[in-house]
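So this one's entry_23.csv, CSV, C-alpha atoms:
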```csv
chain,number,residue,atom,x,y,z
A,22,MET,CA,0.0,0.0,0.0
A,23,SER,CA,1.2,3.5,-0.8
A,24,ILE,CA,0.6,6.6,1.3
A,25,LEU,CA,1.2,10.2,0.5
A,26,ILE,CA,1.3,12.6,3.4
A,27,THR,CA,0.9,16.2,2.1
A,28,ASN,CA,1.0,19.8,3.3
A,29,ILE,CA,3.2,19.0,6.2
A,30,LYS,CA,3.9,22.1,8.2
A,31,GLU,CA,7.4,20.9,9.0
A,32,LEU,CA,9.0,17.5,8.3
A,33,LEU,CA,11.6,16.9,11.1
A,34,GLN,CA,14.8,14.9,11.3
A,35,VAL,CA,15.4,14.8,7.5
A,36,ARG,CA,18.7,13.2,6.6
A,37,ASN,CA,19.4,12.9,2.9
A,38,THR,CA,22.7,11.2,3.6
A,39,PRO,CA,22.4,8.3,6.1
A,40,ILE,CA,24.0,8.9,9.5
A,41,SER,CA,24.3,6.6,12.5
A,42,LYS,CA,24.3,9.2,15.3
A,43,VAL,CA,24.9,12.9,16.1
A,44,SER,CA,27.4,14.2,18.7
A,45,GLY,CA,28.3,17.4,20.5
A,46,ILE,CA,27.4,20.6,18.7
A,47,GLN,CA,25.7,18.5,15.9
A,48,MET,CA,23.0,17.7,18.3
A,49,LYS,CA,21.7,21.3,18.1
A,50,GLU,CA,21.0,20.8,14.4
A,51,LEU,CA,17.7,19.3,13.5
A,52,PRO,CA,17.3,19.3,9.7
A,53,THR,CA,13.7,20.1,8.6
A,54,ILE,CA,11.7,20.8,5.5
A,55,LYS,CA,8.7,23.2,5.7
A,56,ASN,CA,5.6,22.7,3.6
A,57,ALA,CA,6.7,19.2,2.9
A,58,TYR,CA,5.4,15.8,1.6
A,59,ILE,CA,6.5,12.3,2.3
A,60,LEU,CA,5.8,9.2,0.2
A,61,ILE,CA,5.5,5.7,1.7
A,62,GLU,CA,5.4,2.4,-0.2
A,63,ASP,CA,4.4,-0.5,2.1
A,64,ASP,CA,6.7,-0.1,5.1
A,65,ILE,CA,9.5,2.0,3.5
A,66,ILE,CA,10.1,5.7,2.9
A,67,ILE,CA,10.3,6.2,-0.8
A,68,ALA,CA,10.5,10.0,-1.2
A,69,PHE,CA,10.1,13.3,0.6
A,70,GLY,CA,10.6,17.0,-0.2
A,71,ASN,CA,8.9,20.3,-0.7
A,72,MET,CA,5.2,20.2,-1.7
A,73,SER,CA,6.1,21.9,-5.0
A,74,ASP,CA,7.9,18.6,-6.0
A,75,SER,CA,4.9,16.4,-5.2
A,76,THR,CA,2.7,16.9,-8.2
A,77,GLY,CA,1.7,13.9,-10.2
A,78,ILE,CA,2.2,11.4,-7.4
A,79,SER,CA,-0.6,8.8,-7.4
A,80,THR,CA,-1.1,6.7,-4.2
A,81,ASP,CA,-3.6,4.4,-2.5
A,82,LYS,CA,-4.1,6.9,0.3
A,83,THR,CA,-3.5,10.5,1.0
A,84,ILE,CA,-3.2,12.1,4.4
A,85,ASP,CA,-3.5,15.9,4.7
A,86,ALA,CA,-1.1,17.1,7.5
A,87,ARG,CA,-1.9,20.8,7.1
A,88,GLY,CA,-0.7,22.6,10.3
A,89,LYS,CA,0.9,19.5,11.6
A,90,LEU,CA,4.5,18.2,12.0
A,91,VAL,CA,5.8,14.8,10.9
A,92,LEU,CA,8.8,13.2,12.5
A,93,PRO,CA,10.3,9.7,13.1
A,94,THR,CA,8.8,7.6,15.9
A,95,TRP,CA,10.7,7.5,19.2
A,96,CYS,CA,13.4,4.9,19.6
A,97,ASP,CA,13.3,3.8,23.3
A,98,SER,CA,16.6,2.0,23.9
A,99,HIS,CA,16.1,1.1,27.6
A,100,THR,CA,13.0,-0.5,29.1
A,101,HIS,CA,12.0,-3.3,31.4
A,102,ILE,CA,8.4,-3.3,30.1
A,103,VAL,CA,7.9,-7.0,30.6
A,104,TYR,CA,7.1,-7.3,34.3
A,105,ALA,CA,4.3,-8.7,36.6
A,106,GLY,CA,2.1,-6.6,38.9
A,107,ASN,CA,3.3,-3.3,40.2
A,108,ARG,CA,5.1,-1.7,43.2
A,109,GLU,CA,2.7,1.0,44.2
A,110,GLN,CA,3.3,0.4,47.9
A,111,GLU,CA,7.0,1.2,47.5
A,112,PHE,CA,5.9,4.5,45.9
A,113,VAL,CA,4.1,5.3,49.2
A,114,ASP,CA,7.1,4.0,51.2
A,115,ARG,CA,9.4,6.5,49.4
A,116,ILE,CA,6.9,9.3,50.1
A,117,ASN,CA,7.1,8.4,53.7
A,118,GLY,CA,10.9,8.7,53.7
A,119,LEU,CA,12.4,5.3,52.8
A,120,SER,CA,15.2,5.3,50.3
A,121,TYR,CA,15.6,3.0,47.3
A,122,LYS,CA,18.3,1.1,49.2
A,123,GLU,CA,16.2,0.8,52.4
A,124,ILE,CA,13.2,-0.6,50.4
A,125,ALA,CA,15.5,-3.1,48.7
A,126,ASN,CA,17.0,-4.2,52.0
A,127,ARG,CA,13.4,-4.9,53.3
A,128,GLY,CA,12.9,-7.3,50.4
A,129,GLY,CA,11.4,-4.8,48.0
A,130,GLY,CA,12.8,-3.4,44.8
A,131,ILE,CA,13.9,-5.8,42.2
A,132,LEU,CA,13.5,-8.9,44.4
A,133,ASN,CA,9.8,-7.9,44.9
A,134,SER,CA,9.3,-7.8,41.2
A,135,ALA,CA,11.2,-11.1,40.8
A,136,LYS,CA,8.9,-12.9,43.3
A,137,MET,CA,5.8,-11.6,41.5
A,138,LEU,CA,7.1,-12.6,38.1
A,139,GLN,CA,8.2,-16.1,39.2
A,140,ASN,CA,4.6,-16.7,40.4
A,141,THR,CA,3.0,-15.4,37.1
A,142,SER,CA,2.4,-17.7,34.1
A,143,GLU,CA,3.9,-16.9,30.8
A,144,ASP,CA,0.5,-16.2,29.2
A,145,ASP,CA,-0.5,-13.8,32.0
A,146,LEU,CA,2.9,-12.1,31.9
A,147,TYR,CA,2.4,-11.7,28.1
A,148,LYS,CA,-1.1,-10.2,28.6
A,149,GLN,CA,0.2,-7.7,31.2
A,150,SER,CA,3.1,-6.7,29.0
A,151,VAL,CA,1.2,-6.4,25.8
A,152,LYS,CA,-1.1,-3.8,27.3
A,153,ARG,CA,1.9,-1.6,28.1
A,154,VAL,CA,3.4,-2.2,24.6
A,155,LYS,CA,0.2,-1.0,22.9
A,156,GLU,CA,0.2,2.1,25.2
A,157,VAL,CA,3.7,3.2,24.3
A,158,MET,CA,3.0,2.6,20.6
A,159,GLN,CA,0.1,5.1,20.8
A,160,LEU,CA,2.5,7.5,22.5
A,161,GLY,CA,4.8,7.4,19.5
A,162,THR,CA,7.4,4.7,20.2
A,163,GLY,CA,8.2,2.7,17.1
A,164,ALA,CA,11.2,0.8,18.4
A,165,ILE,CA,11.9,-0.5,21.8
A,166,GLU,CA,14.6,-2.5,23.7
A,167,ILE,CA,13.2,-4.8,26.4
A,168,LYS,CA,15.4,-6.3,29.2
A,169,SER,CA,14.9,-9.4,31.3
A,170,GLY,CA,16.1,-9.2,34.9
A,171,TYR,CA,13.0,-9.7,37.0
A,172,GLY,CA,13.3,-13.5,36.8
A,173,LEU,CA,16.6,-14.1,38.6
A,174,THR,CA,16.2,-17.9,38.1
A,175,VAL,CA,17.0,-19.8,34.9
A,176,GLU,CA,13.3,-20.6,34.3
A,177,ALA,CA,12.0,-17.2,35.0
A,178,GLU,CA,14.6,-15.4,32.9
A,179,LEU,CA,13.8,-17.6,30.0
A,180,LYS,CA,10.1,-17.0,30.6
A,181,MET,CA,10.6,-13.2,30.3
A,182,LEU,CA,12.7,-13.5,27.2
A,183,ARG,CA,10.1,-15.8,25.5
A,184,VAL,CA,7.5,-13.2,26.2
A,185,ILE,CA,9.7,-10.6,24.6
A,186,LYS,CA,10.0,-12.9,21.6
A,187,ARG,CA,6.2,-13.2,21.4
A,188,ILE,CA,5.8,-9.4,21.4
A,189,LYS,CA,8.4,-9.2,18.7
A,190,GLN,CA,6.5,-11.7,16.6
A,191,ASP,CA,3.0,-10.3,17.3
A,192,PHE,CA,3.5,-6.5,17.0
A,193,PRO,CA,4.9,-4.2,14.3
A,194,ILE,CA,7.0,-2.3,16.7
A,195,LYS,CA,10.8,-3.0,16.4
A,196,VAL,CA,11.9,-5.0,19.4
A,197,LYS,CA,15.4,-5.7,20.7
A,198,ALA,CA,15.9,-8.2,23.6
A,199,THR,CA,18.5,-7.9,26.3
A,200,LEU,CA,19.6,-10.5,28.8
A,201,LEU,CA,19.9,-8.7,32.2
A,202,ALA,CA,20.2,-11.8,34.4
A,203,ALA,CA,22.7,-9.9,36.6
A,204,HIS,CA,20.1,-7.4,37.9
A,205,ALA,CA,20.2,-8.3,41.6
A,206,ILE,CA,21.3,-11.1,43.9
A,207,PRO,CA,18.3,-13.4,44.6
A,208,ASP,CA,17.5,-14.4,48.2
A,209,THR,CA,18.6,-18.0,47.5
A,210,PHE,CA,22.1,-16.7,46.8
A,211,LYS,CA,22.1,-13.9,49.4
A,212,ASN,CA,25.4,-15.1,50.9
A,213,ASN,CA,26.8,-16.6,47.8
A,214,LYS,CA,27.1,-13.9,45.1
A,215,ASP,CA,29.8,-15.9,43.3
A,216,GLY,CA,27.4,-18.9,43.1
A,217,PHE,CA,24.8,-16.7,41.4
A,218,ILE,CA,27.4,-15.3,39.0
A,219,ASP,CA,28.4,-18.8,38.1
A,220,LEU,CA,24.8,-19.7,37.4
A,221,VAL,CA,24.5,-16.6,35.1
A,222,ILE,CA,27.7,-17.5,33.2
A,223,ASN,CA,27.4,-21.3,33.1
A,224,GLU,CA,23.6,-21.8,32.7
A,225,MET,CA,21.6,-18.7,31.8
A,226,ILE,CA,23.9,-17.2,29.1
A,227,PRO,CA,24.4,-20.5,27.3
A,228,LYS,CA,20.7,-21.4,27.4
A,229,VAL,CA,19.6,-17.9,26.2
A,230,ALA,CA,22.2,-18.1,23.4
A,231,LYS,CA,21.1,-21.6,22.3
A,232,GLU,CA,17.4,-20.4,22.1
A,233,GLN,CA,18.5,-17.1,20.4
A,234,LEU,CA,16.3,-15.2,22.8
A,235,ALA,CA,18.5,-12.0,23.2
A,236,GLU,CA,21.0,-10.0,21.2
A,237,TYR,CA,22.4,-7.9,24.1
A,238,ILE,CA,23.8,-8.6,27.6
A,239,ASP,CA,23.5,-6.1,30.4
A,240,VAL,CA,24.6,-5.9,34.1
A,241,PHE,CA,23.6,-3.7,36.9
A,242,CYS,CA,27.1,-2.4,37.8
A,243,GLU,CA,26.4,-0.7,41.1
A,244,LYS,CA,27.6,-0.8,44.7
A,245,GLY,CA,25.6,-3.5,46.6
A,246,TYR,CA,24.8,-5.3,43.3
A,247,PHE,CA,27.6,-6.2,40.9
A,248,SER,CA,31.1,-4.9,41.1
A,249,ILE,CA,33.5,-4.0,38.3
A,250,ASP,CA,35.1,-7.5,38.5
A,251,ASP,CA,31.7,-9.1,38.5
A,252,THR,CA,30.6,-7.1,35.5
A,253,ASP,CA,33.8,-7.8,33.6
A,254,LYS,CA,33.3,-11.6,34.1
A,255,ILE,CA,29.7,-11.5,33.0
A,256,LEU,CA,30.2,-9.3,30.0
A,257,SER,CA,33.2,-11.4,28.9
A,258,ALA,CA,31.1,-14.6,29.2
A,259,GLY,CA,28.3,-13.0,27.2
A,260,LYS,CA,30.6,-11.8,24.4
A,261,LYS,CA,32.0,-15.3,24.0
A,262,GLN,CA,28.4,-16.4,23.3
A,263,GLY,CA,27.9,-13.6,20.8
A,264,PHE,CA,26.0,-11.1,22.9
A,265,ILE,CA,26.7,-7.3,22.5
A,266,PRO,CA,27.4,-5.6,25.9
A,267,LYS,CA,25.4,-2.8,27.5
A,268,ILE,CA,25.7,-1.7,31.1
A,269,HIS,CA,23.5,-0.1,33.8
A,270,VAL,CA,26.1,2.2,35.3
A,271,ASN,CA,26.6,5.3,37.5
A,272,GLN,CA,23.0,5.4,38.8
A,273,PHE,CA,24.0,6.0,42.4
A,274,ASN,CA,27.8,5.7,42.4
A,275,ALA,CA,30.6,6.4,39.9
A,276,PHE,CA,33.5,3.9,40.3
A,277,GLY,CA,34.8,2.9,36.9
A,278,GLY,CA,31.9,1.2,35.2
A,279,VAL,CA,31.9,3.6,32.2
A,280,ALA,CA,35.5,2.8,31.4
A,281,LEU,CA,34.7,-0.9,31.7
A,282,GLY,CA,31.8,-0.5,29.2
A,283,VAL,CA,34.2,1.3,26.8
A,284,LYS,CA,36.8,-1.5,27.3
A,285,HIS,CA,34.1,-4.0,26.2
A,286,ASP,CA,33.0,-1.8,23.3
A,287,ALA,CA,29.5,-1.7,24.9
A,288,LEU,CA,26.8,-0.3,22.6
A,289,SER,CA,25.6,1.9,25.4
A,290,VAL,CA,26.2,2.9,29.0
A,291,ASP,CA,22.9,3.8,30.6
A,292,HIS,CA,21.8,6.0,33.6
A,293,LEU,CA,24.9,8.2,34.3
A,294,GLU,CA,23.2,10.2,36.9
A,295,GLU,CA,26.6,10.3,38.7
A,296,LEU,CA,29.4,11.3,36.4
A,297,LYS,CA,33.1,12.0,36.8
A,298,ILE,CA,35.5,13.7,34.3
A,299,GLU,CA,37.2,10.3,34.0
A,300,ASP,CA,34.0,8.9,32.6
A,301,ILE,CA,33.7,11.6,30.0
A,302,GLU,CA,37.3,11.1,28.9
A,303,ALA,CA,36.7,7.3,28.7
A,304,LEU,CA,33.7,7.9,26.3
A,305,LYS,CA,35.6,10.2,24.0
A,306,ASN,CA,36.7,8.5,20.7
A,307,SER,CA,34.6,5.4,21.7
A,308,ASN,CA,31.7,3.7,19.9
A,309,THR,CA,29.7,3.7,23.1
A,310,MET,CA,26.5,5.7,23.4
A,311,PRO,CA,25.7,7.4,26.7
A,312,VAL,CA,22.0,7.0,27.6
A,313,ALA,CA,20.1,9.3,30.0
A,314,LEU,CA,16.9,8.2,31.7
A,315,PRO,CA,15.4,11.4,33.1
A,316,SER,CA,12.0,10.1,34.2
A,317,CYS,CA,13.9,7.7,36.6
A,318,SER,CA,15.5,10.8,38.1
A,319,TYR,CA,12.1,12.5,38.3
A,320,PHE,CA,10.4,9.5,40.0
A,321,LEU,CA,13.2,8.7,42.5
A,322,SER,CA,14.2,12.3,43.1
A,323,ILE,CA,17.9,11.6,42.3
A,324,PRO,CA,20.2,13.8,40.2
A,325,TYR,CA,19.7,14.1,36.5
A,326,THR,CA,22.3,12.9,34.0
A,327,PRO,CA,24.5,16.0,33.3
A,328,ALA,CA,23.5,16.3,29.7
A,329,ARG,CA,25.2,19.6,29.1
A,330,GLN,CA,28.5,18.3,30.3
A,331,LEU,CA,28.3,15.3,28.0
A,332,ILE,CA,27.2,17.2,24.9
A,333,ASP,CA,29.5,20.2,25.4
A,334,SER,CA,32.3,17.7,25.7
A,335,GLY,CA,31.6,16.7,22.1
A,336,LEU,CA,29.8,13.4,23.0
A,337,PRO,CA,26.5,12.0,21.7
A,338,LEU,CA,23.6,11.4,24.1
A,339,ALA,CA,20.4,9.2,23.8
A,340,LEU,CA,17.2,9.5,25.8
A,341,ALA,CA,15.1,6.5,27.0
A,342,THR,CA,12.3,5.8,29.5
A,343,ASP,CA,13.7,3.0,31.7
A,344,PHE,CA,10.0,1.9,31.9
A,345,ASN,CA,9.9,-0.5,34.9
A,346,PRO,CA,7.7,-1.0,38.0
A,347,GLY,CA,10.0,0.3,40.6
A,348,SER,CA,11.8,3.4,39.5
A,349,THR,CA,10.0,4.5,36.3
A,350,PRO,CA,6.4,3.2,35.9
A,351,SER,CA,6.0,5.1,32.6
A,352,GLY,CA,6.9,4.5,29.0
A,353,ASN,CA,6.0,8.0,27.8
A,354,MET,CA,8.9,9.2,25.6
A,355,ASN,CA,7.1,12.6,25.2
A,356,PHE,CA,7.5,13.2,28.9
A,357,VAL,CA,11.1,12.1,28.7
A,358,ILE,CA,11.9,14.7,26.1
A,359,SER,CA,10.1,17.4,28.0
A,360,THR,CA,12.0,16.5,31.2
A,361,ALA,CA,15.3,16.5,29.4
A,362,CYS,CA,14.6,20.0,28.2
A,363,ILE,CA,13.3,21.3,31.5
A,364,LYS,CA,15.6,19.6,34.0
A,365,MET,CA,18.7,18.7,31.9
A,366,LYS,CA,18.8,22.0,29.9
A,367,MET,CA,18.8,20.2,26.5
A,368,THR,CA,17.3,22.2,23.6
A,369,PRO,CA,14.3,20.7,21.9
A,370,ALA,CA,16.4,19.9,18.8
A,371,GLU,CA,19.0,18.0,21.0
A,372,ALA,CA,16.2,16.1,22.8
A,373,ILE,CA,14.5,15.1,19.6
A,374,ASN,CA,17.9,13.9,18.2
A,375,ALA,CA,18.5,12.0,21.4
A,376,ALA,CA,15.2,10.3,21.2
A,377,THR,CA,15.3,9.4,17.5
A,378,ILE,CA,18.6,8.9,15.7
A,379,ASN,CA,20.7,8.5,18.8
A,380,GLY,CA,18.2,6.2,20.4
A,381,ALA,CA,18.3,4.1,17.3
A,382,TYR,CA,22.1,3.9,17.5
A,383,ALA,CA,21.8,2.7,21.2
A,384,MET,CA,19.7,-0.2,19.9
A,385,GLY,CA,21.9,-1.0,16.9
A,386,ILE,CA,19.2,-0.1,14.4
A,387,SER,CA,20.1,3.4,13.1
A,388,ASP,CA,20.6,1.9,9.6
A,389,MET,CA,16.8,1.6,9.3
A,390,TYR,CA,15.2,3.7,12.0
A,391,GLY,CA,15.5,7.1,13.7
A,392,SER,CA,15.4,9.6,10.8
A,393,ILE,CA,13.5,10.6,7.7
A,394,THR,CA,15.8,8.9,5.1
A,395,LYS,CA,14.9,7.2,1.8
A,396,GLU,CA,14.8,3.4,2.2
A,397,LYS,CA,14.3,3.5,6.0
A,398,LYS,CA,11.3,2.1,7.7
A,399,ALA,CA,8.1,4.2,7.5
A,400,ASN,CA,7.8,4.8,11.3
A,401,LEU,CA,6.3,8.2,11.7
A,402,ILE,CA,4.5,10.5,14.2
A,403,ILE,CA,2.0,13.0,12.8
A,404,THR,CA,1.3,15.6,15.4
A,405,LYS,CA,-1.8,17.6,16.0
A,406,GLU,CA,-1.7,21.2,14.9
A,407,VAL,CA,1.1,22.9,16.8
A,408,PRO,CA,3.1,26.1,16.4
A,409,SER,CA,6.5,24.5,16.1
A,410,TYR,CA,8.6,21.5,17.3
A,411,ASN,CA,9.7,23.6,20.3
A,412,TYR,CA,6.1,23.4,21.5
A,413,LEU,CA,6.2,19.6,21.9
A,414,PRO,CA,8.4,19.6,25.0
A,415,TYR,CA,7.2,23.1,26.1
A,416,ALA,CA,3.5,22.1,26.6
A,417,PHE,CA,4.4,18.9,28.5
A,418,GLY,CA,1.0,18.2,29.9
A,419,TYR,CA,-0.7,17.5,26.6
A,420,ASN,CA,-0.8,14.7,24.1
A,421,HIS,CA,0.4,16.3,20.8
A,422,ILE,CA,0.1,13.1,18.7
A,423,ASP,CA,-2.6,12.8,16.1
A,424,THR,CA,-1.4,9.6,14.3
A,425,VAL,CA,1.3,7.0,14.7
A,426,ILE,CA,2.4,5.0,11.7
A,427,ILE,CA,4.5,1.9,12.3
A,428,ASN,CA,5.8,-0.1,9.3
A,429,GLY,CA,3.6,2.0,7.0
A,430,ILE,CA,0.4,1.2,9.0
A,431,SER,CA,-1.6,3.6,11.1
A,432,ILE,CA,-2.0,2.1,14.6
```
Can you dump the structure from the file as structure tokens?
Amino acid sequence: MSILITNIKELLQVRNTPISKVSGIQMKELPTIKNAYILIEDDIIIAFGNMSDSTGISTDKTIDARGKLVLPTWCDSHTHIVYAGNREQEFVDRINGLSYKEIANRGGGILNSAKMLQNTSEDDLYKQSVKRVKEVMQLGTGAIEIKSGYGLTVEAELKMLRVIKRIKQDFPIKVKATLLAAHAIPDTFKNNKDGFIDLVINEMIPKVAKEQLAEYIDVFCEKGYFSIDDTDKILSAGKKQGFIPKIHVNQFNAFGGVALGVKHDALSVDHLEELKIEDIEALKNSNTMPVALPSCSYFLSIPYTPARQLIDSGLPLALATDFNPGSTPSGNMNFVISTACIKMKMTPAEAINAATINGAYAMGISDMYGSITKEKKANLIITKEVPSYNYLPYAFGYNHIDTVIINGISI
């Protein structure tokens, strides 16, 4: 099926020459075409340009986008969207003064989610997760990375990853799966962390590799969870099985995890709420994408990733939701973009770049997603009538999306 979108007030993130990411001062540049059209054939972008060049095009369907903006769908490179139940009581506990660490020490946090997930059937877990996936698609997300990590047993981790595989098969949204077996130490290994690491390395990683259930491997590299040495062992074992590394790092403490990620040529290092100059230096001249998760900072009242420091040092930056039941029960990338502008002092152009082309890079998919480029996937957001793209993060309390197109189909 062919679709012609006409009279677009402004077509955003136009890249005539394919790029994989933007860094530093380039992030302030958001190429656009005013009074534009875009032509889609099946699920591919075929052509785009000024309306004056659109005469004579015949298609199955025409959409008039007068007064509206068109841009690529969001690429959310960090989520835990497959989980069971919720942790609303912990939300109240934090309001009453308990810290994230104190809640975890009482058996809450990741261990609470793991217990719920272990007691949930695969079909029920799928149903709960699918509801969230449908919601984020309506909010403009066209590509998503989903992590395991709420299983913490071989069986439960495999269950999570099989649910992710079902979502990938059943929905048009682009899905990337990550094995995050090293998310926390389960109660059964409370006094035997090395034993759990052995389980991850010798059982979980090989079984996930055999079933081809994930492409990436991740570790929660944080004090009280997994040390630099632990993380090094797990990432090394994952790489031997063909997994591409990512790391949760510098959420609460900065102690060398970023440099370790660069050493392993990690695709991304995510969180970075705490950052040292050594971390920035380690990222320079690397292939590793820093990823900020501002709605996690908002929800937990912890520092925000120092975006200006990263970008002004010439580095790229991606934005993602961290959608999970404990620290970010929201998959709304529109809120993430607004929060990045309001709290992290990113410009709207920088934030949109971070949520599209750089988000795609952090998922390893920027060859086909993240920009308006010929031969890329037709994953598009058509906004409601708005004054400009600056208005999208400015008016943060409103839903500015009129239509979402994923793989050439309106959802």
What are the nearest atom pairs, with distances in Å to one decimal, for all residues of range 274-328 of chain A that come at most 10 Å from range 255-262 of chain A, using all atoms listed in the file, set out by chain and rising residue number as JSON lines?
```
{"residue": "A:Leu281", "atom": "CA", "partner": "A:Leu256", "partner_atom": "CA", "distance": 9.7}
{"residue": "A:Gly282", "atom": "CA", "partner": "A:Leu256", "partner_atom": "CA", "distance": 9.0}
{"residue": "A:His285", "atom": "CA", "partner": "A:Leu256", "partner_atom": "CA", "distance": 7.6}
{"residue": "A:Ala287", "atom": "CA", "partner": "A:Leu256", "partner_atom": "CA", "distance": 9.2}
```
If you keep C-alpha atoms, can you produce a file of those selected residues as an mmCIF file, keeping the file's coordinate frame?
```
data_model
loop_
_atom_site.group_PDB
_atom_site.id
_atom_site.type_symbol
_atom_site.label_atom_id
_atom_site.label_comp_id
_atom_site.auth_asym_id
_atom_site.auth_seq_id
_atom_site.Cartn_x
_atom_site.Cartn_y
_atom_site.Cartn_z
ATOM 1 C CA LEU A 281 34.700 -0.900 31.700
ATOM 2 C CA GLY A 282 31.800 -0.500 29.200
ATOM 3 C CA HIS A 285 34.100 -4.000 26.200
ATOM 4 C CA ALA A 287 29.500 -1.700 24.900
#
```
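The residue set within 12 Å of Lys55 in chain A, counting all atoms listed in the file and dropping same-chain residues fewer than 5 places from it, reads A:Thr27, A:Asn28, A:Ile29, A:Lys30, A:Glu31, A:Leu32, A:Leu33, A:Gln34, A:Val35, A:Phe69, A:Gly70, A:Asn71, A:Met72, A:Ser73, A:Ala86, A:Arg87, A:Gly88, A:Lys89, A:Leu90, A:Val91, A:Ser409, A:Tyr410.
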Proximity of range 55-151 of chain A to range 186-201 of chain A: per-residue shortest pair, 9 Å limit, all atoms listed in the file, as CSV:
```
residue,atom,partner,partner_atom,distance
A:Cys96,CA,A:Lys195,CA,8.9
A:Ser98,CA,A:Lys197,CA,8.4
A:Tyr147,CA,A:Arg187,CA,7.8
A:Ser150,CA,A:Ile188,CA,8.5
A:Val151,CA,A:Ile188,CA,7.0
```
- Query: Could you name the residues that touch Pro414 in chain A at 8 Å or less, counting only C-alpha atoms, but leaving out those on the same chain fewer than 2 positions away, as a ChimeraX atom specification?
  - Reply: /A:355-356,358-360,362,369,410-412,416-417
Write out the residues from the selection above, keeping C-alpha atoms, as a PDB file, in the frame of the given file.
```
ATOM      1  CA  ASN A 355       7.100  12.600  25.200  1.00  0.00           C
ATOM      2  CA  PHE A 356       7.500  13.200  28.900  1.00  0.00           C
ATOM      3  CA  ILE A 358      11.900  14.700  26.100  1.00  0.00           C
ATOM      4  CA  SER A 359      10.100  17.400  28.000  1.00  0.00           C
ATOM      5  CA  THR A 360      12.000  16.500  31.200  1.00  0.00           C
ATOM      6  CA  CYS A 362      14.600  20.000  28.200  1.00  0.00           C
ATOM      7  CA  PRO A 369      14.300  20.700  21.900  1.00  0.00           C
ATOM      8  CA  TYR A 410       8.600  21.500  17.300  1.00  0.00           C
ATOM      9  CA  ASN A 411       9.700  23.600  20.300  1.00  0.00           C
ATOM     10  CA  TYR A 412       6.100  23.400  21.500  1.00  0.00           C
ATOM     11  CA  ALA A 416       3.500  22.100  26.600  1.00  0.00           C
ATOM     12  CA  PHE A 417       4.400  18.900  28.500  1.00  0.00           C
TER      13      PHE A 417
END
```
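For the pair CA of Ser307 in chain A and CA of Val221 in chain A, the separation is 27.7 Å.
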Need to verify the contact set: range 235-247 of chain A, 8 Å, all atoms listed in the file, exclusion of same-chain residues closer than 6 positions in sequence. Can you return it as a PDB file with C-alpha atoms, in the frame of the given file?
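Dumped to around_25.pdb:
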```pdb
ATOM      1  CA  LEU A 182      12.700 -13.500  27.200  1.00  0.00           C
ATOM      2  CA  LYS A 197      15.400  -5.700  20.700  1.00  0.00           C
ATOM      3  CA  ALA A 198      15.900  -8.200  23.600  1.00  0.00           C
ATOM      4  CA  THR A 199      18.500  -7.900  26.300  1.00  0.00           C
ATOM      5  CA  LEU A 200      19.600 -10.500  28.800  1.00  0.00           C
ATOM      6  CA  LEU A 201      19.900  -8.700  32.200  1.00  0.00           C
ATOM      7  CA  ALA A 202      20.200 -11.800  34.400  1.00  0.00           C
ATOM      8  CA  ALA A 203      22.700  -9.900  36.600  1.00  0.00           C
ATOM      9  CA  HIS A 204      20.100  -7.400  37.900  1.00  0.00           C
ATOM     10  CA  ALA A 205      20.200  -8.300  41.600  1.00  0.00           C
ATOM     11  CA  ILE A 206      21.300 -11.100  43.900  1.00  0.00           C
ATOM     12  CA  VAL A 229      19.600 -17.900  26.200  1.00  0.00           C
ATOM     13  CA  ILE A 255      29.700 -11.500  33.000  1.00  0.00           C
ATOM     14  CA  LEU A 256      30.200  -9.300  30.000  1.00  0.00           C
ATOM     15  CA  GLY A 259      28.300 -13.000  27.200  1.00  0.00           C
ATOM     16  CA  GLY A 263      27.900 -13.600  20.800  1.00  0.00           C
ATOM     17  CA  PHE A 264      26.000 -11.100  22.900  1.00  0.00           C
ATOM     18  CA  ILE A 265      26.700  -7.300  22.500  1.00  0.00           C
ATOM     19  CA  PRO A 266      27.400  -5.600  25.900  1.00  0.00           C
ATOM     20  CA  LYS A 267      25.400  -2.800  27.500  1.00  0.00           C
ATOM     21  CA  ILE A 268      25.700  -1.700  31.100  1.00  0.00           C
ATOM     22  CA  HIS A 269      23.500  -0.100  33.800  1.00  0.00           C
ATOM     23  CA  VAL A 270      26.100   2.200  35.300  1.00  0.00           C
ATOM     24  CA  ASN A 271      26.600   5.300  37.500  1.00  0.00           C
ATOM     25  CA  GLN A 272      23.000   5.400  38.800  1.00  0.00           C
ATOM     26  CA  PHE A 273      24.000   6.000  42.400  1.00  0.00           C
ATOM     27  CA  ASN A 274      27.800   5.700  42.400  1.00  0.00           C
ATOM     28  CA  GLY A 278      31.900   1.200  35.200  1.00  0.00           C
TER      29      GLY A 278
END
```
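For the pair CA of Arg108 in chain A and CA of Phe344 in chain A, the interatomic distance is 12.8 Å.
Using only C-alpha atoms, the smallest distance between any of A:Ser44, A:Asn400, A:Thr377, A:Thr38 and Ile332 in chain A comes from A:Ser44.
Every protein, DNA or RNA residue with an atom at most 7 Å from Asn345 in chain A, where only C-alpha atoms count and chain neighbours fewer than 6 positions away do not, is listed here: Thr100, His101 and Ile102 of chain A.
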- Task: Go through A:Pro315, A:Gly391, A:Gly170, A:Pro52 one by one, measure the shortest atom-to-atom distance of each to Met367 in chain A using all atoms listed in the file, and give the residue with the smallest value.
- Result: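 Closest to Met367 in chain A, using all atoms listed in the file: A:Pro315.
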- Query: Just how far from CA of Tyr319 in chain A is CA of Lys136 in chain A, in Å to one decimal?
  - Reply: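 CA of Lys136 in chain A sits 26.1 Å away from CA of Tyr319 in chain A.
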